[in-house]
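*Asks:* This is the content of query.txt (compact mmCIF, N, CA and C atoms):
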```txt
# COMPACT_ATOMS: atom_id res chain seq x y z
N MET A 594 0.85 -1.17 0.00
CA MET A 594 0.00 0.00 0.00
C MET A 594 0.90 1.24 0.00
N SER A 595 0.63 2.17 -0.86
CA SER A 595 1.45 3.38 -0.94
C SER A 595 0.83 4.50 -0.10
N GLU A 596 1.67 5.43 0.30
CA GLU A 596 1.20 6.58 1.06
C GLU A 596 0.98 7.76 0.14
N LEU A 597 0.00 8.56 0.45
CA LEU A 597 -0.30 9.75 -0.31
C LEU A 597 0.43 10.92 0.33
N THR A 598 1.21 11.62 -0.44
CA THR A 598 1.92 12.79 0.06
C THR A 598 1.36 14.01 -0.64
N VAL A 599 0.96 15.00 0.15
CA VAL A 599 0.43 16.24 -0.41
C VAL A 599 1.52 17.29 -0.29
N ARG A 600 1.86 17.87 -1.43
CA ARG A 600 2.90 18.90 -1.45
C ARG A 600 2.29 20.19 -1.98
N PRO A 601 2.69 21.31 -1.42
CA PRO A 601 2.17 22.59 -1.93
C PRO A 601 2.65 22.84 -3.35
N VAL A 602 1.82 23.47 -4.11
CA VAL A 602 2.19 23.85 -5.48
C VAL A 602 2.95 25.17 -5.40
N PRO A 603 4.16 25.21 -5.94
CA PRO A 603 4.93 26.47 -5.89
C PRO A 603 4.17 27.62 -6.54
N ASP A 604 4.20 28.76 -5.90
CA ASP A 604 3.58 29.99 -6.40
C ASP A 604 2.06 29.88 -6.59
N ALA A 605 1.43 28.90 -5.95
CA ALA A 605 -0.03 28.79 -6.06
C ALA A 605 -0.67 29.90 -5.22
N PRO A 606 -1.73 30.51 -5.71
CA PRO A 606 -2.38 31.58 -4.93
C PRO A 606 -3.02 30.99 -3.67
N GLN A 607 -2.95 31.73 -2.58
CA GLN A 607 -3.56 31.30 -1.33
C GLN A 607 -5.06 31.60 -1.39
N ALA A 608 -5.82 30.71 -0.80
CA ALA A 608 -7.26 30.94 -0.74
C ALA A 608 -7.51 32.16 0.15
N PRO A 609 -8.43 33.02 -0.26
CA PRO A 609 -8.70 34.22 0.55
C PRO A 609 -9.33 33.83 1.89
N LYS A 610 -9.02 34.56 2.92
CA LYS A 610 -9.66 34.36 4.22
C LYS A 610 -11.03 35.01 4.16
N ILE A 611 -12.02 34.26 4.53
CA ILE A 611 -13.39 34.77 4.49
C ILE A 611 -13.91 34.86 5.91
N ASP A 612 -14.45 36.00 6.27
CA ASP A 612 -15.01 36.21 7.60
C ASP A 612 -16.44 35.68 7.62
N LEU A 613 -16.66 34.60 8.34
CA LEU A 613 -17.98 34.00 8.44
C LEU A 613 -18.69 34.36 9.75
N SER A 614 -18.10 35.28 10.50
CA SER A 614 -18.69 35.62 11.79
C SER A 614 -20.14 36.07 11.60
N THR A 615 -20.94 35.70 12.57
CA THR A 615 -22.38 35.94 12.52
C THR A 615 -22.84 36.51 13.85
N THR A 616 -23.61 37.57 13.81
CA THR A 616 -24.11 38.18 15.04
C THR A 616 -25.59 37.89 15.19
N LEU A 617 -25.94 37.32 16.36
CA LEU A 617 -27.34 37.07 16.71
C LEU A 617 -27.60 37.84 18.00
N GLY A 618 -28.47 38.81 17.93
CA GLY A 618 -28.69 39.67 19.09
C GLY A 618 -27.42 40.43 19.40
N SER A 619 -26.93 40.28 20.61
CA SER A 619 -25.70 40.98 21.00
C SER A 619 -24.49 40.06 21.01
N VAL A 620 -24.64 38.84 20.51
CA VAL A 620 -23.55 37.86 20.55
C VAL A 620 -23.02 37.61 19.14
N THR A 621 -21.69 37.64 19.00
CA THR A 621 -21.06 37.33 17.72
C THR A 621 -20.45 35.94 17.80
N PHE A 622 -20.77 35.11 16.83
CA PHE A 622 -20.27 33.75 16.72
C PHE A 622 -19.27 33.70 15.58
N PRO A 623 -18.29 32.78 15.62
CA PRO A 623 -17.27 32.74 14.58
C PRO A 623 -17.78 32.31 13.22
N ASN A 624 -18.90 31.61 13.18
CA ASN A 624 -19.49 31.18 11.90
C ASN A 624 -20.96 30.85 12.12
N PRO A 625 -21.72 30.68 11.04
CA PRO A 625 -23.16 30.45 11.18
C PRO A 625 -23.56 28.99 11.29
N VAL A 626 -22.61 28.09 11.54
CA VAL A 626 -22.92 26.66 11.60
C VAL A 626 -23.22 26.26 13.04
N PHE A 627 -24.47 25.86 13.29
CA PHE A 627 -24.93 25.45 14.60
C PHE A 627 -25.55 24.06 14.48
N THR A 628 -25.54 23.32 15.57
CA THR A 628 -26.28 22.05 15.57
C THR A 628 -27.77 22.36 15.71
N ALA A 629 -28.60 21.41 15.31
CA ALA A 629 -30.03 21.54 15.53
C ALA A 629 -30.35 21.00 16.92
N SER A 630 -31.23 21.63 17.62
CA SER A 630 -31.58 21.19 18.97
C SER A 630 -32.03 19.74 18.96
N GLY A 631 -31.46 18.97 19.87
CA GLY A 631 -31.87 17.58 20.00
C GLY A 631 -31.07 16.60 19.19
N CYS A 632 -30.46 17.05 18.11
CA CYS A 632 -29.76 16.12 17.22
C CYS A 632 -28.42 15.64 17.79
N ALA A 633 -27.82 16.41 18.64
CA ALA A 633 -26.52 16.03 19.20
C ALA A 633 -26.48 16.25 20.70
N ALA A 634 -27.64 16.21 21.36
CA ALA A 634 -27.75 16.43 22.82
C ALA A 634 -26.98 17.68 23.21
N ALA A 635 -25.87 17.53 23.95
CA ALA A 635 -25.06 18.69 24.33
C ALA A 635 -23.70 18.65 23.65
N GLY A 636 -23.58 17.92 22.55
CA GLY A 636 -22.36 17.95 21.75
C GLY A 636 -21.36 16.85 22.02
N GLN A 637 -21.50 16.12 23.11
CA GLN A 637 -20.52 15.09 23.43
C GLN A 637 -20.47 13.99 22.38
N GLU A 638 -21.60 13.70 21.77
CA GLU A 638 -21.64 12.67 20.72
C GLU A 638 -20.82 13.07 19.51
N LEU A 639 -20.71 14.36 19.25
CA LEU A 639 -19.96 14.85 18.09
C LEU A 639 -18.46 14.95 18.34
N ASP A 640 -18.08 15.05 19.60
CA ASP A 640 -16.68 15.31 19.97
C ASP A 640 -15.72 14.26 19.44
N GLN A 641 -16.17 13.03 19.24
CA GLN A 641 -15.30 11.99 18.72
C GLN A 641 -15.00 12.18 17.23
N PHE A 642 -15.75 13.02 16.56
CA PHE A 642 -15.56 13.21 15.12
C PHE A 642 -14.82 14.49 14.75
N PHE A 643 -14.97 15.54 15.54
CA PHE A 643 -14.32 16.82 15.26
C PHE A 643 -14.34 17.69 16.50
N ASP A 644 -13.58 18.74 16.46
CA ASP A 644 -13.49 19.70 17.56
C ASP A 644 -14.77 20.53 17.58
N VAL A 645 -15.59 20.33 18.61
CA VAL A 645 -16.89 21.02 18.67
C VAL A 645 -16.75 22.53 18.80
N SER A 646 -15.59 23.01 19.19
CA SER A 646 -15.40 24.47 19.29
C SER A 646 -15.32 25.12 17.90
N GLU A 647 -15.17 24.31 16.86
CA GLU A 647 -15.13 24.86 15.49
C GLU A 647 -16.51 25.25 14.98
N LEU A 648 -17.56 24.74 15.62
CA LEU A 648 -18.91 25.14 15.24
C LEU A 648 -19.20 26.54 15.74
N GLY A 649 -20.12 27.22 15.08
CA GLY A 649 -20.55 28.52 15.59
C GLY A 649 -21.15 28.38 16.96
N GLY A 650 -21.95 27.34 17.16
CA GLY A 650 -22.56 27.09 18.45
C GLY A 650 -23.18 25.71 18.50
N ILE A 651 -23.34 25.22 19.71
CA ILE A 651 -24.05 23.96 19.96
C ILE A 651 -25.41 24.34 20.53
N VAL A 652 -26.47 24.06 19.80
CA VAL A 652 -27.81 24.28 20.32
C VAL A 652 -28.19 22.99 21.03
N THR A 653 -28.36 23.07 22.35
CA THR A 653 -28.57 21.88 23.15
C THR A 653 -29.92 21.24 22.90
N LYS A 654 -30.00 19.97 23.27
CA LYS A 654 -31.29 19.31 23.36
C LYS A 654 -32.12 20.16 24.32
N SER A 655 -33.40 20.25 24.13
CA SER A 655 -34.24 21.10 24.97
C SER A 655 -34.14 20.70 26.44
N ILE A 656 -33.86 21.69 27.28
CA ILE A 656 -33.67 21.48 28.71
C ILE A 656 -34.94 21.91 29.44
N MET A 657 -35.37 21.08 30.37
CA MET A 657 -36.56 21.37 31.16
C MET A 657 -36.18 21.60 32.62
N LEU A 658 -37.07 22.15 33.38
CA LEU A 658 -36.81 22.42 34.79
C LEU A 658 -36.49 21.12 35.54
N ASP A 659 -37.30 20.11 35.36
CA ASP A 659 -37.11 18.83 36.04
C ASP A 659 -36.76 17.74 35.04
N ALA A 660 -36.10 16.70 35.54
CA ALA A 660 -35.78 15.55 34.70
C ALA A 660 -37.07 14.86 34.25
N ARG A 661 -37.04 14.33 33.02
CA ARG A 661 -38.20 13.60 32.49
C ARG A 661 -37.71 12.37 31.76
N SER A 662 -38.40 11.26 31.95
CA SER A 662 -38.01 10.02 31.28
C SER A 662 -38.59 9.90 29.87
N GLY A 663 -39.53 10.74 29.53
CA GLY A 663 -40.15 10.66 28.21
C GLY A 663 -41.27 9.64 28.19
N ARG A 664 -41.82 9.45 27.01
CA ARG A 664 -42.94 8.52 26.84
C ARG A 664 -42.43 7.08 26.92
N ALA A 665 -43.25 6.23 27.50
CA ALA A 665 -42.91 4.81 27.53
C ALA A 665 -42.98 4.23 26.12
N THR A 666 -42.27 3.16 25.88
CA THR A 666 -42.30 2.51 24.56
C THR A 666 -43.60 1.75 24.42
N PRO A 667 -44.10 1.56 23.23
CA PRO A 667 -43.50 1.98 21.96
C PRO A 667 -43.69 3.47 21.72
N ARG A 668 -42.72 4.07 21.07
CA ARG A 668 -42.75 5.51 20.78
C ARG A 668 -43.09 5.81 19.33
N MET A 669 -43.15 4.80 18.53
CA MET A 669 -43.48 4.99 17.11
C MET A 669 -44.67 4.12 16.75
N ALA A 670 -45.49 4.62 15.83
CA ALA A 670 -46.64 3.86 15.35
C ALA A 670 -46.77 4.07 13.86
N GLU A 671 -47.01 2.98 13.15
CA GLU A 671 -47.21 3.06 11.71
C GLU A 671 -48.66 3.45 11.43
N THR A 672 -48.84 4.33 10.44
CA THR A 672 -50.18 4.75 10.02
C THR A 672 -50.26 4.54 8.51
N PRO A 673 -51.46 4.60 7.94
CA PRO A 673 -51.56 4.47 6.48
C PRO A 673 -50.77 5.54 5.72
N SER A 674 -50.52 6.67 6.37
CA SER A 674 -49.82 7.77 5.71
C SER A 674 -48.35 7.87 6.09
N GLY A 675 -47.86 6.99 6.95
CA GLY A 675 -46.46 7.07 7.35
C GLY A 675 -46.27 6.64 8.79
N MET A 676 -45.42 7.35 9.51
CA MET A 676 -45.10 7.00 10.89
C MET A 676 -45.42 8.17 11.81
N LEU A 677 -45.84 7.86 13.03
CA LEU A 677 -45.99 8.85 14.08
C LEU A 677 -44.91 8.58 15.12
N ASN A 678 -44.29 9.62 15.61
CA ASN A 678 -43.23 9.50 16.59
C ASN A 678 -43.59 10.39 17.78
N SER A 679 -43.57 9.83 18.98
CA SER A 679 -43.88 10.59 20.18
C SER A 679 -42.92 10.17 21.28
N ILE A 680 -41.80 10.91 21.40
CA ILE A 680 -40.79 10.52 22.39
C ILE A 680 -41.08 11.09 23.77
N GLY A 681 -41.89 12.13 23.85
CA GLY A 681 -42.22 12.70 25.14
C GLY A 681 -41.15 13.61 25.71
N LEU A 682 -40.20 14.02 24.90
CA LEU A 682 -39.14 14.95 25.29
C LEU A 682 -38.49 14.58 26.62
N GLN A 683 -37.65 13.55 26.59
CA GLN A 683 -36.93 13.14 27.79
C GLN A 683 -35.70 14.03 27.99
N GLY A 684 -35.24 14.13 29.21
CA GLY A 684 -34.05 14.91 29.48
C GLY A 684 -33.71 14.91 30.96
N PRO A 685 -32.48 15.32 31.29
CA PRO A 685 -32.01 15.25 32.67
C PRO A 685 -32.46 16.40 33.57
N GLY A 686 -33.00 17.46 33.01
CA GLY A 686 -33.39 18.62 33.81
C GLY A 686 -32.26 19.63 33.91
N ILE A 687 -32.60 20.84 34.36
CA ILE A 687 -31.66 21.95 34.39
C ILE A 687 -30.49 21.70 35.35
N ASP A 688 -30.73 21.08 36.49
CA ASP A 688 -29.65 20.87 37.45
C ASP A 688 -28.55 19.98 36.87
N ALA A 689 -28.92 18.86 36.27
CA ALA A 689 -27.93 17.97 35.66
C ALA A 689 -27.23 18.66 34.49
N PHE A 690 -27.97 19.44 33.72
CA PHE A 690 -27.36 20.16 32.60
C PHE A 690 -26.29 21.13 33.11
N LEU A 691 -26.61 21.88 34.16
CA LEU A 691 -25.66 22.85 34.70
C LEU A 691 -24.47 22.18 35.39
N ASP A 692 -24.68 21.01 35.96
CA ASP A 692 -23.60 20.30 36.65
C ASP A 692 -22.67 19.54 35.69
N LYS A 693 -23.23 19.04 34.59
CA LYS A 693 -22.46 18.16 33.71
C LYS A 693 -22.24 18.72 32.31
N ASP A 694 -23.32 18.98 31.60
CA ASP A 694 -23.22 19.30 30.17
C ASP A 694 -22.61 20.67 29.89
N LEU A 695 -23.09 21.70 30.57
CA LEU A 695 -22.57 23.04 30.30
C LEU A 695 -21.08 23.15 30.66
N PRO A 696 -20.63 22.61 31.80
CA PRO A 696 -19.19 22.64 32.08
C PRO A 696 -18.37 21.88 31.03
N TRP A 697 -18.91 20.78 30.53
CA TRP A 697 -18.21 20.02 29.49
C TRP A 697 -18.06 20.88 28.22
N LEU A 698 -19.14 21.51 27.80
CA LEU A 698 -19.08 22.39 26.62
C LEU A 698 -18.06 23.51 26.82
N HIS A 699 -18.10 24.13 27.99
CA HIS A 699 -17.17 25.21 28.29
C HIS A 699 -15.72 24.72 28.26
N SER A 700 -15.47 23.54 28.80
CA SER A 700 -14.11 22.99 28.81
C SER A 700 -13.58 22.74 27.41
N ARG A 701 -14.47 22.53 26.45
CA ARG A 701 -14.07 22.29 25.06
C ARG A 701 -13.99 23.59 24.25
N GLY A 702 -14.38 24.70 24.85
CA GLY A 702 -14.35 25.97 24.13
C GLY A 702 -15.54 26.16 23.21
N ALA A 703 -16.58 25.33 23.38
CA ALA A 703 -17.78 25.44 22.55
C ALA A 703 -18.68 26.54 23.10
N ARG A 704 -19.50 27.10 22.24
CA ARG A 704 -20.45 28.13 22.62
C ARG A 704 -21.83 27.48 22.71
N ALA A 705 -22.41 27.47 23.90
CA ALA A 705 -23.69 26.80 24.12
C ALA A 705 -24.85 27.76 23.92
N VAL A 706 -25.81 27.33 23.12
CA VAL A 706 -27.08 28.02 22.96
C VAL A 706 -28.11 27.04 23.50
N VAL A 707 -28.78 27.41 24.59
CA VAL A 707 -29.64 26.47 25.29
C VAL A 707 -31.07 26.56 24.78
N SER A 708 -31.59 25.42 24.35
CA SER A 708 -32.99 25.30 23.98
C SER A 708 -33.74 24.93 25.26
N ILE A 709 -34.82 25.63 25.53
CA ILE A 709 -35.58 25.43 26.77
C ILE A 709 -36.99 24.94 26.43
N ALA A 710 -37.46 23.97 27.22
CA ALA A 710 -38.82 23.45 27.07
C ALA A 710 -39.51 23.51 28.42
N GLY A 711 -40.82 23.53 28.39
CA GLY A 711 -41.56 23.55 29.65
C GLY A 711 -43.04 23.33 29.42
N GLY A 712 -43.72 23.02 30.48
CA GLY A 712 -45.16 22.80 30.40
C GLY A 712 -45.98 24.00 30.81
N SER A 713 -45.29 25.06 31.26
CA SER A 713 -46.01 26.27 31.67
C SER A 713 -45.07 27.47 31.55
N VAL A 714 -45.64 28.65 31.57
CA VAL A 714 -44.83 29.87 31.52
C VAL A 714 -43.89 29.89 32.73
N GLY A 715 -44.39 29.48 33.88
CA GLY A 715 -43.58 29.46 35.09
C GLY A 715 -42.38 28.53 34.97
N ALA A 716 -42.57 27.37 34.36
CA ALA A 716 -41.45 26.43 34.17
C ALA A 716 -40.39 27.03 33.25
N TYR A 717 -40.83 27.70 32.19
CA TYR A 717 -39.87 28.37 31.29
C TYR A 717 -39.10 29.45 32.06
N ALA A 718 -39.80 30.23 32.85
CA ALA A 718 -39.17 31.33 33.59
C ALA A 718 -38.17 30.79 34.61
N LYS A 719 -38.54 29.75 35.37
CA LYS A 719 -37.64 29.19 36.38
C LYS A 719 -36.40 28.57 35.73
N THR A 720 -36.58 27.88 34.61
CA THR A 720 -35.43 27.27 33.92
C THR A 720 -34.51 28.35 33.38
N THR A 721 -35.08 29.33 32.74
CA THR A 721 -34.30 30.42 32.15
C THR A 721 -33.54 31.20 33.21
N ALA A 722 -34.14 31.40 34.36
CA ALA A 722 -33.51 32.17 35.44
C ALA A 722 -32.25 31.51 35.97
N ARG A 723 -32.07 30.22 35.72
CA ARG A 723 -30.90 29.50 36.22
C ARG A 723 -29.68 29.68 35.31
N LEU A 724 -29.84 30.27 34.13
CA LEU A 724 -28.77 30.29 33.13
C LEU A 724 -27.85 31.51 33.12
N PRO A 725 -28.31 32.73 33.35
CA PRO A 725 -27.42 33.88 33.19
C PRO A 725 -26.13 33.80 33.99
N GLY A 726 -25.04 34.20 33.34
CA GLY A 726 -23.74 34.26 33.99
C GLY A 726 -22.97 32.95 34.01
N ARG A 727 -23.53 31.90 33.47
CA ARG A 727 -22.85 30.60 33.48
C ARG A 727 -21.73 30.57 32.43
N PRO A 728 -20.55 30.10 32.80
CA PRO A 728 -19.45 29.99 31.81
C PRO A 728 -19.81 29.06 30.67
N GLY A 729 -19.50 29.48 29.46
CA GLY A 729 -19.77 28.67 28.27
C GLY A 729 -21.09 28.97 27.61
N LEU A 730 -21.93 29.73 28.27
CA LEU A 730 -23.24 30.05 27.73
C LEU A 730 -23.12 31.22 26.77
N ALA A 731 -23.53 31.00 25.54
CA ALA A 731 -23.47 32.08 24.57
C ALA A 731 -24.64 33.01 24.72
```
Written as structure tokens, how would this file's structure read?
*Replies:*
Amino acid sequence: MSELTVRPVPDAPQAPKIDLSTTLGSVTFPNPVFTASGCAAAGQELDQFFDVSELGGIVTKSIMLDARSGRATPRMAETPSGMLNSIGLQGPGIDAFLDKDLPWLHSRGARAVVSIAGGSVGAYAKTTARLPGRPGLA
């Protein structure tokens, strides 16, 4: 088996540096590439593939005030028109997120954008009130 060696082409023009920074509200992110909420939980699943700090931000799985186990199985049902999926939005709750996930994101240099879920306005307010000033929170 042979090895592939990449050598620079003499006098080849350098690719221009492009500024991809993106401002949302009062926060500027290095680029507009974010995860979709729920697709990568808090980013740990992605860390084995690439440096999560290279993303503009990690949008967390929706965080609720209290831990929830979600809907019991079965969670999917076949219908004549396709499939229905009802997971019941499981999650560890805000305390576990603040103790484990947010510090992990911060330690990796990732910018966390927290998705919040709740069953009432009060639950949204209580969950949100726990976030300001936390390291790693964008």
*Asks:* Kindly indicate which residue among A:Asn624, A:Ser708, A:Leu698, A:Ala689 lies nearest to Asp612 in chain A, using only N, CA and C atoms for the distances.
*Replies:* A:Asn624
*Asks:* Contacts of Ile656 in chain A at 10 Å or less, counting only C-alpha atoms, minus same-chain residues fewer than 5 places along, as a PyMOL selection string?
*Replies:* chain A and resi 630-631+634+661+682-690+707-711+717+720-721
*Asks:* Keeping only N, CA and C atoms, take the residues you just selected and write them out as a PDB file, in the coordinates of the input.
*Replies:*
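Printed below is part_13.pdb as written:
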```pdb
ATOM      1  N   SER A 630     -31.230  21.630  17.620  1.00  0.00           N
ATOM      2  CA  SER A 630     -31.580  21.190  18.970  1.00  0.00           C
ATOM      3  C   SER A 630     -32.030  19.740  18.960  1.00  0.00           C
ATOM      4  N   GLY A 631     -31.460  18.970  19.870  1.00  0.00           N
ATOM      5  CA  GLY A 631     -31.870  17.580  20.000  1.00  0.00           C
ATOM      6  C   GLY A 631     -31.070  16.600  19.190  1.00  0.00           C
ATOM      7  N   ALA A 634     -27.640  16.210  21.360  1.00  0.00           N
ATOM      8  CA  ALA A 634     -27.750  16.430  22.820  1.00  0.00           C
ATOM      9  C   ALA A 634     -26.980  17.680  23.210  1.00  0.00           C
ATOM     10  N   ARG A 661     -37.040  14.330  33.020  1.00  0.00           N
ATOM     11  CA  ARG A 661     -38.200  13.600  32.490  1.00  0.00           C
ATOM     12  C   ARG A 661     -37.710  12.370  31.760  1.00  0.00           C
ATOM     13  N   LEU A 682     -40.200  14.020  24.900  1.00  0.00           N
ATOM     14  CA  LEU A 682     -39.140  14.950  25.290  1.00  0.00           C
ATOM     15  C   LEU A 682     -38.490  14.580  26.620  1.00  0.00           C
ATOM     16  N   GLN A 683     -37.650  13.550  26.590  1.00  0.00           N
ATOM     17  CA  GLN A 683     -36.930  13.140  27.790  1.00  0.00           C
ATOM     18  C   GLN A 683     -35.700  14.030  27.990  1.00  0.00           C
ATOM     19  N   GLY A 684     -35.240  14.130  29.210  1.00  0.00           N
ATOM     20  CA  GLY A 684     -34.050  14.910  29.480  1.00  0.00           C
ATOM     21  C   GLY A 684     -33.710  14.910  30.960  1.00  0.00           C
ATOM     22  N   PRO A 685     -32.480  15.320  31.290  1.00  0.00           N
ATOM     23  CA  PRO A 685     -32.010  15.250  32.670  1.00  0.00           C
ATOM     24  C   PRO A 685     -32.460  16.400  33.570  1.00  0.00           C
ATOM     25  N   GLY A 686     -33.000  17.460  33.010  1.00  0.00           N
ATOM     26  CA  GLY A 686     -33.390  18.620  33.810  1.00  0.00           C
ATOM     27  C   GLY A 686     -32.260  19.630  33.910  1.00  0.00           C
ATOM     28  N   ILE A 687     -32.600  20.840  34.360  1.00  0.00           N
ATOM     29  CA  ILE A 687     -31.660  21.950  34.390  1.00  0.00           C
ATOM     30  C   ILE A 687     -30.490  21.700  35.350  1.00  0.00           C
ATOM     31  N   ASP A 688     -30.730  21.080  36.490  1.00  0.00           N
ATOM     32  CA  ASP A 688     -29.650  20.870  37.450  1.00  0.00           C
ATOM     33  C   ASP A 688     -28.550  19.980  36.870  1.00  0.00           C
ATOM     34  N   ALA A 689     -28.920  18.860  36.270  1.00  0.00           N
ATOM     35  CA  ALA A 689     -27.930  17.970  35.660  1.00  0.00           C
ATOM     36  C   ALA A 689     -27.230  18.660  34.490  1.00  0.00           C
ATOM     37  N   PHE A 690     -27.970  19.440  33.720  1.00  0.00           N
ATOM     38  CA  PHE A 690     -27.360  20.160  32.600  1.00  0.00           C
ATOM     39  C   PHE A 690     -26.290  21.130  33.110  1.00  0.00           C
ATOM     40  N   VAL A 707     -28.780  27.410  24.590  1.00  0.00           N
ATOM     41  CA  VAL A 707     -29.640  26.470  25.290  1.00  0.00           C
ATOM     42  C   VAL A 707     -31.070  26.560  24.780  1.00  0.00           C
ATOM     43  N   SER A 708     -31.590  25.420  24.350  1.00  0.00           N
ATOM     44  CA  SER A 708     -32.990  25.300  23.980  1.00  0.00           C
ATOM     45  C   SER A 708     -33.740  24.930  25.260  1.00  0.00           C
ATOM     46  N   ILE A 709     -34.820  25.630  25.530  1.00  0.00           N
ATOM     47  CA  ILE A 709     -35.580  25.430  26.770  1.00  0.00           C
ATOM     48  C   ILE A 709     -36.990  24.940  26.430  1.00  0.00           C
ATOM     49  N   ALA A 710     -37.460  23.970  27.220  1.00  0.00           N
ATOM     50  CA  ALA A 710     -38.820  23.450  27.070  1.00  0.00           C
ATOM     51  C   ALA A 710     -39.510  23.510  28.420  1.00  0.00           C
ATOM     52  N   GLY A 711     -40.820  23.530  28.390  1.00  0.00           N
ATOM     53  CA  GLY A 711     -41.560  23.550  29.650  1.00  0.00           C
ATOM     54  C   GLY A 711     -43.040  23.330  29.420  1.00  0.00           C
ATOM     55  N   TYR A 717     -40.830  27.700  32.190  1.00  0.00           N
ATOM     56  CA  TYR A 717     -39.870  28.370  31.290  1.00  0.00           C
ATOM     57  C   TYR A 717     -39.100  29.450  32.060  1.00  0.00           C
ATOM     58  N   THR A 720     -36.580  27.880  34.610  1.00  0.00           N
ATOM     59  CA  THR A 720     -35.430  27.270  33.920  1.00  0.00           C
ATOM     60  C   THR A 720     -34.510  28.350  33.380  1.00  0.00           C
ATOM     61  N   THR A 721     -35.080  29.330  32.740  1.00  0.00           N
ATOM     62  CA  THR A 721     -34.300  30.420  32.150  1.00  0.00           C
ATOM     63  C   THR A 721     -33.540  31.200  33.210  1.00  0.00           C
TER      64      THR A 721
END
```
*Asks:* Compile the contact shell of Pro667 in chain A as an mmCIF file with N, CA and C atoms, in the frame of the given file: residues with an atom at most 10 Å away, counting only C-alpha atoms, same-chain residues fewer than 6 positions apart removed.
*Replies:*
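Just written: around.cif:
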```
data_model
loop_
_atom_site.group_PDB
_atom_site.id
_atom_site.type_symbol
_atom_site.label_atom_id
_atom_site.label_comp_id
_atom_site.auth_asym_id
_atom_site.auth_seq_id
_atom_site.Cartn_x
_atom_site.Cartn_y
_atom_site.Cartn_z
ATOM 1 N N ASN A 678 -44.290 9.620 15.610
ATOM 2 C CA ASN A 678 -43.230 9.500 16.590
ATOM 3 C C ASN A 678 -43.590 10.390 17.780
ATOM 4 N N SER A 679 -43.570 9.830 18.980
ATOM 5 C CA SER A 679 -43.880 10.590 20.180
ATOM 6 C C SER A 679 -42.920 10.170 21.280
ATOM 7 N N ILE A 680 -41.800 10.910 21.400
ATOM 8 C CA ILE A 680 -40.790 10.520 22.390
ATOM 9 C C ILE A 680 -41.080 11.090 23.770
#
```
*Asks:* A:Leu691, A:Leu658, A:Val652, A:Leu597: which is nearest Arg704 in chain A, counting only C-alpha atoms?
*Replies:*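 That would be A:Val652, the residue with the smallest distance to Arg704 in chain A.
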*Asks:* Which centre and edge lengths in Å to one decimal define the box along x, y and z that fits every listed atom of range 690-696 of chain A plus 6 Å per side, as JSON?
*Replies:*
```
{"center_x": -23.2, "center_y": 20.7, "center_z": 33.3, "size_x": 21.6, "size_y": 17.0, "size_z": 18.8}
```
*Asks:* Can you list, as a list in words, all residues belonging to chain A that DSSP tags as alpha helix (DSSP H)?
*Replies:* Ile687, Asp688, Ala689, Leu695, Pro696, Trp697, Leu698, His699, Ser700, Val714, Gly715, Ala716, Tyr717, Ala718, Lys719, Thr720, Thr721 and Ala722 of chain A
*Asks:* Among range 615-680 of chain A, which residues does DSSP mark as strand (DSSP E or B) when it is run on the backbone? Keep the chain and numbering as in the structure and answer as a VMD selection string.
*Replies:* chain A and resid 615 to 617 620 to 622 627 650 to 652 656 661 669 to 672 675 to 678
*Asks:* For atom C of Ala718 in chain A and atom C of Asp659 in chain A, determine how far apart the two atoms are, in Å to one decimal place.
*Replies:*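 The value is 13.1 Å.
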*Asks:* Using all atoms listed in the file, determine which residues lie at most 7 Å from His699 in chain A, disregarding the query and same-chain residues fewer than 6 positions distant; provide the list as a short mmCIF file (atom, residue, chain, number, x, y, z; two decimals) with N, CA and C atoms, keeping the file's coordinate frame.
*Replies:*
```cif
data_model
loop_
_atom_site.label_atom_id
_atom_site.label_comp_id
_atom_site.auth_asym_id
_atom_site.auth_seq_id
_atom_site.Cartn_x
_atom_site.Cartn_y
_atom_site.Cartn_z
N ALA A 705 -22.41 27.47 23.90
CA ALA A 705 -23.69 26.80 24.12
C ALA A 705 -24.85 27.76 23.92
N PRO A 728 -20.55 30.10 32.80
CA PRO A 728 -19.45 29.99 31.81
C PRO A 728 -19.81 29.06 30.67
N GLY A 729 -19.50 29.48 29.46
CA GLY A 729 -19.77 28.67 28.27
C GLY A 729 -21.09 28.97 27.61
N LEU A 730 -21.93 29.73 28.27
CA LEU A 730 -23.24 30.05 27.73
C LEU A 730 -23.12 31.22 26.77
#
```
*Asks:* Write out as a list in words the residues lying within 8 Å of Arg701 in chain A, counting only N, CA and C atoms and excluding same-chain residues fewer than 4 positions away.
*Replies:* Asp644, Val645, Ser646, Glu647, Leu695, Pro696 and Trp697 of chain A
*Asks:* Looking at all atoms listed in the file, which of A:Gln607, A:Ser662, A:Thr672, A:Thr628 is the one that sits closest to Gly650 in chain A?
*Replies:*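 The answer is A:Thr628, which sits nearest to Gly650 in chain A.
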*Asks:* Which value, in Å to one decimal, gives the distance between atom C of Ala703 in chain A and CA of Phe622 in chain A?
*Replies:*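 We find that atom C of Ala703 in chain A and CA of Phe622 in chain A lie 9.8 Å from each other.
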*Asks:* Rank nothing, just name the residue among A:Gly649, A:Pro673, A:Gly702, A:Gly712 nearest to Thr615 in chain A, using only N, CA and C atoms.
*Replies:*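 Ranked by minimum distance to Thr615 in chain A, first place goes to A:Gly649.
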*Asks:* Separation of atom C of Gly681 in chain A and atom N of Gly663 in chain A, in Å?
*Replies:*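 Those two atoms sit 5.0 Å apart.
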*Asks:* Hey, which of A:Val714, A:Leu648, A:Ala605, A:Ala731 ends up closest to Val626 in chain A? Count only N, CA and C atoms.
*Replies:*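 Comparing A:Val714, A:Leu648, A:Ala605, A:Ala731 against Val626 in chain A, the winner is A:Leu648.
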